[in-house]
Amino acid sequence: MVTDPSAVFPAGNTAIEVVLRLLADNVSPSVVLIVSEIGQDLLIEEASINVPQGFTLRLPDGVDLARAGAIDASVKRLPIGWTELCGWRPRYIASAPITNHRLYLVVACAETVPAVGGLRGIAIAIGTMYDNGSGTTRERSTSMRISALVDNLPFPIVFVDSKTIEVFLNDGARALLELGQRAATEGEIAAAFARIISGAEAEHRTLLANKPDATVTFEIEKGHRQFEVESKWIDEDRLTGRLWMFRDITSEREIARLKDDLVSTVSHELRTPLTSIVGSLTLLRRGAAGSLSEQAGMLIDVAHRNGNRLSRLINDLLDMDKLQSGKLDLHVKPVDIGDLLREAVQQNEPYAAGHGVGVALTLPEDSISANLDADRMLQVLANLISNAAKFSPAGSDVGISVAIRPQALRISISDQGPGISAEFRERLFTRFAQEGGTAAKGGTGLGLAISKGIVEQHGGRLSLKPDTSIGATFDIDLPLG
Amino acid sequence: MLPHLADHRVLLFDLPGAGPLLPVDFDPKNYRSLSAFADDLLALLDEIGLRKATYVGHSVSGMIGVLAAIEDPERFDRMILLNASPRYLDDVGYRGGFSRPDLEGLFEAMASNYQSWVAGFAPIAIGGDVPGAVEDFSAGLLAMRPDVALRIARTIFESDVRHLLPLLRVPTVLIHAHGDVAVPEEVAHYMKAHIPQSNLDWIEAKGHLPHLSAPVEVAATLRGHLGH
């Protein structure tokens with residue numbers, strides 16, 4: 001046994017290598033290693049045999065690196081890397097910490113149990129040799145240029161270089177990834193990063209995984225703060241990799257939320273008094289307080305009409321609020337589509353007739369049933385039919401038709417009106433969107449946004465056919481079965 | 001291959017990094033050596049409680065199975081390796097099919113433009129005029145994140161488990177196709193010579209992915225060895 005190797009060999013890694021070989025010869029067949037810990041794995045720093053650079057081993061069950069000891073691997077599963085490294089399956093694995101260096105001396109033996117006491121002494125001697133010589137052989141390679149750039153940006157940013165598979169990140173990103181100031185291993189960074197990205201919607205993760213050069217934007221929440229994450233594939237001459245930028249949008253979101261809360265509260269508070277105003281006006285019109293003069297009757301009619309309009313607006317605002325906060329409950333049951341559409345036509349025919357417009361319903365021969373909330377779907381249909389009627393020339397028909405596709409159902413509502421301008425198409429489904437002059441037609445500007453919300457809550461899609469030459473056609477696509 | 005094996009219970013699994021979705025804590029750096037994949041395989045069999053199976057593995061998956069079977073021979077009644085190789089890189093007295101400059105060129109091409117590398121590599125690997133097979137193989141490669149694909153390609157092409165072949169104690173069938181750009185015929189003979197209980201079967205198919213380009217031929221051979 002070598003007792004004081006530093007007395008025989010000059011300090012430095014070459015000497016340590018020789019010590020390991022001598023040790024390995026001492027207990028044969030065996031492999032002697034000096035390892036450091038990276039995460040769950042052991043990185044081989046020195047070895048008594050030739051080992052490919054960067055070779056890591058998984059820590060076997062039962063090995064406690066902090067204390068000198070040995071395990072019998074013949075009775076348990078051993079990570080296969082040990083067999084790969086040694087060329088035979090180790091029977092015993094012994095280890096001892098190398099004091100003050102976060103390194104460990106490890107011996108894998110095919111037959112004999114190594115003497116743990118002796119190993120501990122040698123580990124101490126190797127520690128002394130390291131004190132006198134250089135550090136570990138592994139040094140993290142960094143590209144100074146990218147590092148300097150990334151460090152100085154004022155928002156969290158991460159760059160993953162696809163050529164060297166190096167990860168660059170600045171202090172902001174460190175804080176976001178909870179990595180602290182010390183140099184993190186690539187493994188730790190990748191794991192922290194994976195945790196962050198796991199907060200993204202599945203569709204974004206799929207896109208990232210399937211389309212390597214995709215640009216993806218999504219939001220994540222981290223410690224009560226919201227971030228908009230933009231991920232871009234960079235493909236420059238000397239720089240290839242993925243760039244991740246994080247924008248703190250917490251205050252933007254907070255303001256939007258306050259606005260929504262305000263709308264919601266105000267609407268609720270307005271509804272109660274308005275109900276009694278409209279109720280009282282209704283009673284007055286019916287002559288509950290005696291007959292009215294012609295002029296008083298006209299004024300009451302104006303008040304009543306506008307009271308109803310205000311009431312519709314408030315109901316729409318409350319529906320919008322429910323949709324946005326996910327509180328719109330659907331009462332879904334199997335509904336015959338033919339019955340549903342006939343009822344919608346019946347409800348909206350009088351309104352269309354008021355515009356001199358008819359409603360033409362075309363149904364397929366076979367009856368179809370779908371799972372949906374009939375009341376909410378009637379609300380959607382009423383909105384689309386009344387919109388269509390509003391914009392149809394007198395004497396024309398609003399057409400309603402049904403198409404069945406595999407797994408899906410399409411209800412189309414079309415009119416022969418002036419169509420919808422390209423500019424307005426883009427914001428058609430947003431709140432309070434109205435095309436010029438529409439307000440005069442009594443809409444609240446919320447109908448389409450609400451309809452879209454209700455259809456989507458059913459797992460479907462509401463869309464405007466992109467290329468109709470005459471009028472506008474809205475398609476409600478609903479999943480079947 | 002599945003339709004040809006309808007009367008067998010078949011367990012299919014994705015190697016980490018191969019599928020379109022990566023596990024949350026997946027780090028390609030943990031897969032620097034084939035043994036990591038083999039550890040995962042045994043952990044998977046533990047988890048689903050599969051005590052005994054015939055292992056069928058193509059290319060690198062063949063060697064992953066071999067490593068798992070060396071660690072836990074009781075788990076496997078037979079190994080069937082399709083176009084497998086214990087080392088892809090040439091060495092003194094050994095022709096693996098790739099020289100060091102070949103490999104560096106390959107890694108460089110993968111890193112600089114992954115998509116165009118796939119477009120070039122897939123038809124060569126298939127090795128015959130089978131557009132459907134080229135498309136399947138390309139789709140599989142394109143589903144990988146380029147940095148992950150590069151790290152795993154390094155792991156595969158730098159692997160050398162020749163010294164472990166004699167440790168395999170499970171009966172092994174080696175199935176090889178001719179004209180395989182990644183596995184020269186010598187490699188098949190090398191494995192036959194170094195795996196103790198092994199048989200070598202040549203099939204009438206070309207290229208590195210005969211299960212894609214000639215599934216009927218591969219299935220016939222496979223079924224012969226599965227005893228049906």
# chains A, B, ... in the order shown; residues from 1 in each chain; ligands from 1
>>> residues_around(residues="Asp14 in chain B", least_positions_apart="5", cutoff="10 Å", atoms="only C-alpha atoms", output="list in words")
Gly19, Pro20 and Leu41 of chain B
>>> write_last_selection(atoms="C-alpha atoms", output="compact mmCIF listing (two decimals), in the first residue's frame")
# COMPACT_ATOMS: atom_id res chain seq x y z
CA GLY B 19 -40.09 11.58 -29.34
CA PRO B 20 -41.59 14.95 -30.14
CA LEU B 41 -34.88 0.36 -20.03
>>> interface_residues(of="chain B", to="chain A", cutoff="6 Å", atoms="only C-alpha atoms", output="MDAnalysis selection string")
chainID B and resid 20:21 24:25 35 111 143 145 147 164
>>> atom_distance(atom1="CA of His194 in chain B", atom2="CA of Thr172 in chain B")
11.2 Å
>>> atom_distance(atom1="CA of Gly207 in chain B", atom2="CA of Gly128 in chain B")
6.7 Å
>>> residues_around(residues="Asp366 in chain A", least_positions_apart="2", cutoff="12 Å", atoms="only C-alpha atoms", output="number ranges by chain")
A: 336-338, 363-364, 368-369, 402-404
>>> write_last_selection(atoms="N, CA and C atoms", output="PDB file, in the first residue's frame")
ATOM      1  N   ASP A 336     -81.318  17.750 -30.153  1.00  0.00           N
ATOM      2  CA  ASP A 336     -81.530  17.520 -31.584  1.00  0.00           C
ATOM      3  C   ASP A 336     -81.307  18.837 -32.315  1.00  0.00           C
ATOM      4  N   ILE A 337     -80.366  18.826 -33.256  1.00  0.00           N
ATOM      5  CA  ILE A 337     -79.967  20.063 -33.925  1.00  0.00           C
ATOM      6  C   ILE A 337     -81.124  20.654 -34.737  1.00  0.00           C
ATOM      7  N   GLY A 338     -81.935  19.772 -35.355  1.00  0.00           N
ATOM      8  CA  GLY A 338     -83.086  20.241 -36.128  1.00  0.00           C
ATOM      9  C   GLY A 338     -84.054  21.024 -35.240  1.00  0.00           C
ATOM     10  N   LEU A 363     -82.221  21.834 -43.574  1.00  0.00           N
ATOM     11  CA  LEU A 363     -81.714  20.794 -42.665  1.00  0.00           C
ATOM     12  C   LEU A 363     -81.383  19.529 -43.447  1.00  0.00           C
ATOM     13  N   PRO A 364     -80.393  18.771 -43.029  1.00  0.00           N
ATOM     14  CA  PRO A 364     -80.122  17.486 -43.670  1.00  0.00           C
ATOM     15  C   PRO A 364     -81.253  16.502 -43.378  1.00  0.00           C
ATOM     16  N   ILE A 368     -79.678  14.869 -36.393  1.00  0.00           N
ATOM     17  CA  ILE A 368     -78.366  14.854 -35.731  1.00  0.00           C
ATOM     18  C   ILE A 368     -78.570  15.361 -34.316  1.00  0.00           C
ATOM     19  N   SER A 369     -77.798  14.758 -33.421  1.00  0.00           N
ATOM     20  CA  SER A 369     -77.879  15.227 -32.046  1.00  0.00           C
ATOM     21  C   SER A 369     -76.470  15.595 -31.589  1.00  0.00           C
ATOM     22  N   VAL A 402     -76.789  23.296 -42.376  1.00  0.00           N
ATOM     23  CA  VAL A 402     -76.033  22.401 -41.496  1.00  0.00           C
ATOM     24  C   VAL A 402     -75.196  21.464 -42.353  1.00  0.00           C
ATOM     25  N   ALA A 403     -73.929  21.293 -42.013  1.00  0.00           N
ATOM     26  CA  ALA A 403     -73.090  20.315 -42.696  1.00  0.00           C
ATOM     27  C   ALA A 403     -72.494  19.394 -41.647  1.00  0.00           C
ATOM     28  N   ILE A 404     -72.485  18.092 -41.975  1.00  0.00           N
ATOM     29  CA  ILE A 404     -71.906  17.142 -41.022  1.00  0.00           C
ATOM     30  C   ILE A 404     -70.589  16.647 -41.580  1.00  0.00           C
TER      31      ILE A 404
END
>>> decode(residues="range 94-194 of chain B", atoms="C-alpha atoms", output="CSV table (one decimal), in the first residue's frame")
chain,number,residue,atom,x,y,z
B,94,TYR,CA,-11.8,-2.8,-36.9
B,95,ARG,CA,-14.0,-1.2,-39.6
B,96,GLY,CA,-16.9,0.6,-38.0
B,97,GLY,CA,-18.0,2.4,-41.2
B,98,PHE,CA,-17.1,6.0,-40.1
B,99,SER,CA,-13.7,7.7,-39.9
B,100,ARG,CA,-13.1,10.5,-37.4
B,101,PRO,CA,-13.3,13.2,-40.1
B,102,ASP,CA,-16.5,11.6,-41.4
B,103,LEU,CA,-18.0,12.0,-37.9
B,104,GLU,CA,-16.8,15.5,-37.4
B,105,GLY,CA,-18.3,16.5,-40.7
B,106,LEU,CA,-21.6,14.8,-39.8
B,107,PHE,CA,-21.8,16.6,-36.4
B,108,GLU,CA,-20.9,19.9,-38.1
B,109,ALA,CA,-23.6,19.4,-40.7
B,110,MET,CA,-26.2,18.5,-38.0
B,111,ALA,CA,-25.3,21.6,-36.0
B,112,SER,CA,-25.2,24.1,-38.8
B,113,ASN,CA,-28.5,23.2,-40.5
B,114,TYR,CA,-30.3,20.3,-39.0
B,115,GLN,CA,-33.2,20.2,-41.4
B,116,SER,CA,-31.0,20.0,-44.5
B,117,TRP,CA,-28.8,17.5,-42.8
B,118,VAL,CA,-31.9,15.3,-42.3
B,119,ALA,CA,-33.0,15.8,-45.9
B,120,GLY,CA,-29.6,14.5,-47.0
B,121,PHE,CA,-29.0,11.8,-44.4
B,122,ALA,CA,-32.4,10.0,-44.5
B,123,PRO,CA,-32.2,8.7,-48.1
B,124,ILE,CA,-28.6,7.5,-47.6
B,125,ALA,CA,-29.6,5.7,-44.4
B,126,ILE,CA,-32.6,4.0,-46.1
B,127,GLY,CA,-30.3,3.1,-49.0
B,128,GLY,CA,-32.9,2.3,-51.6
B,129,ASP,CA,-35.6,3.9,-53.6
B,130,VAL,CA,-38.3,3.7,-50.9
B,131,PRO,CA,-39.8,7.2,-50.6
B,132,GLY,CA,-42.3,6.2,-47.8
B,133,ALA,CA,-39.5,4.9,-45.6
B,134,VAL,CA,-37.4,8.0,-46.2
B,135,GLU,CA,-40.4,10.1,-45.2
B,136,ASP,CA,-41.0,8.1,-42.0
B,137,PHE,CA,-37.4,8.2,-41.0
B,138,SER,CA,-37.1,11.9,-41.8
B,139,ALA,CA,-40.2,12.7,-39.7
B,140,GLY,CA,-38.7,10.8,-36.8
B,141,LEU,CA,-35.5,12.8,-37.0
B,142,LEU,CA,-37.2,16.1,-37.5
B,143,ALA,CA,-39.3,15.5,-34.4
B,144,MET,CA,-36.1,15.8,-32.3
B,145,ARG,CA,-34.8,19.1,-31.0
B,146,PRO,CA,-31.6,19.8,-32.9
B,147,ASP,CA,-29.4,20.2,-29.8
B,148,VAL,CA,-30.8,17.0,-28.4
B,149,ALA,CA,-30.3,15.2,-31.7
B,150,LEU,CA,-26.7,16.4,-31.8
B,151,ARG,CA,-25.9,15.3,-28.3
B,152,ILE,CA,-27.5,11.9,-28.8
B,153,ALA,CA,-25.8,11.5,-32.2
B,154,ARG,CA,-22.5,12.1,-30.4
B,155,THR,CA,-23.4,9.5,-27.8
B,156,ILE,CA,-24.3,7.0,-30.4
B,157,PHE,CA,-21.4,7.5,-32.8
B,158,GLU,CA,-18.8,7.8,-30.1
B,159,SER,CA,-20.1,4.7,-28.4
B,160,ASP,CA,-17.8,1.6,-28.1
B,161,VAL,CA,-19.2,-1.4,-26.3
B,162,ARG,CA,-17.1,-4.0,-28.2
B,163,HIS,CA,-15.4,-5.0,-24.9
B,164,LEU,CA,-18.7,-5.9,-23.4
B,165,LEU,CA,-20.0,-8.2,-26.1
B,166,PRO,CA,-18.4,-11.3,-24.5
B,167,LEU,CA,-20.3,-10.6,-21.2
B,168,LEU,CA,-23.6,-11.2,-22.9
B,169,ARG,CA,-25.1,-14.5,-21.6
B,170,VAL,CA,-28.5,-14.3,-23.4
B,171,PRO,CA,-29.0,-16.2,-26.7
B,172,THR,CA,-28.8,-13.6,-29.5
B,173,VAL,CA,-30.0,-13.4,-33.1
B,174,LEU,CA,-28.2,-10.9,-35.3
B,175,ILE,CA,-30.3,-9.8,-38.3
B,176,HIS,CA,-28.5,-7.7,-40.9
B,177,ALA,CA,-29.3,-6.2,-44.2
B,178,HIS,CA,-26.8,-5.7,-47.0
B,179,GLY,CA,-25.6,-2.2,-48.1
B,180,ASP,CA,-26.0,-0.6,-44.7
B,181,VAL,CA,-24.3,2.8,-44.8
B,182,ALA,CA,-23.9,2.9,-41.0
B,183,VAL,CA,-23.1,-0.8,-40.4
B,184,PRO,CA,-20.6,-2.5,-42.7
B,185,GLU,CA,-20.9,-6.2,-43.1
B,186,GLU,CA,-17.7,-6.8,-41.2
B,187,VAL,CA,-19.4,-5.5,-38.1
B,188,ALA,CA,-22.1,-8.2,-38.3
B,189,HIS,CA,-19.3,-10.8,-38.4
B,190,TYR,CA,-17.5,-9.1,-35.6
B,191,MET,CA,-20.5,-9.4,-33.3
B,192,LYS,CA,-21.2,-13.0,-34.3
B,193,ALA,CA,-17.6,-13.8,-33.3
B,194,HIS,CA,-17.7,-11.9,-29.9
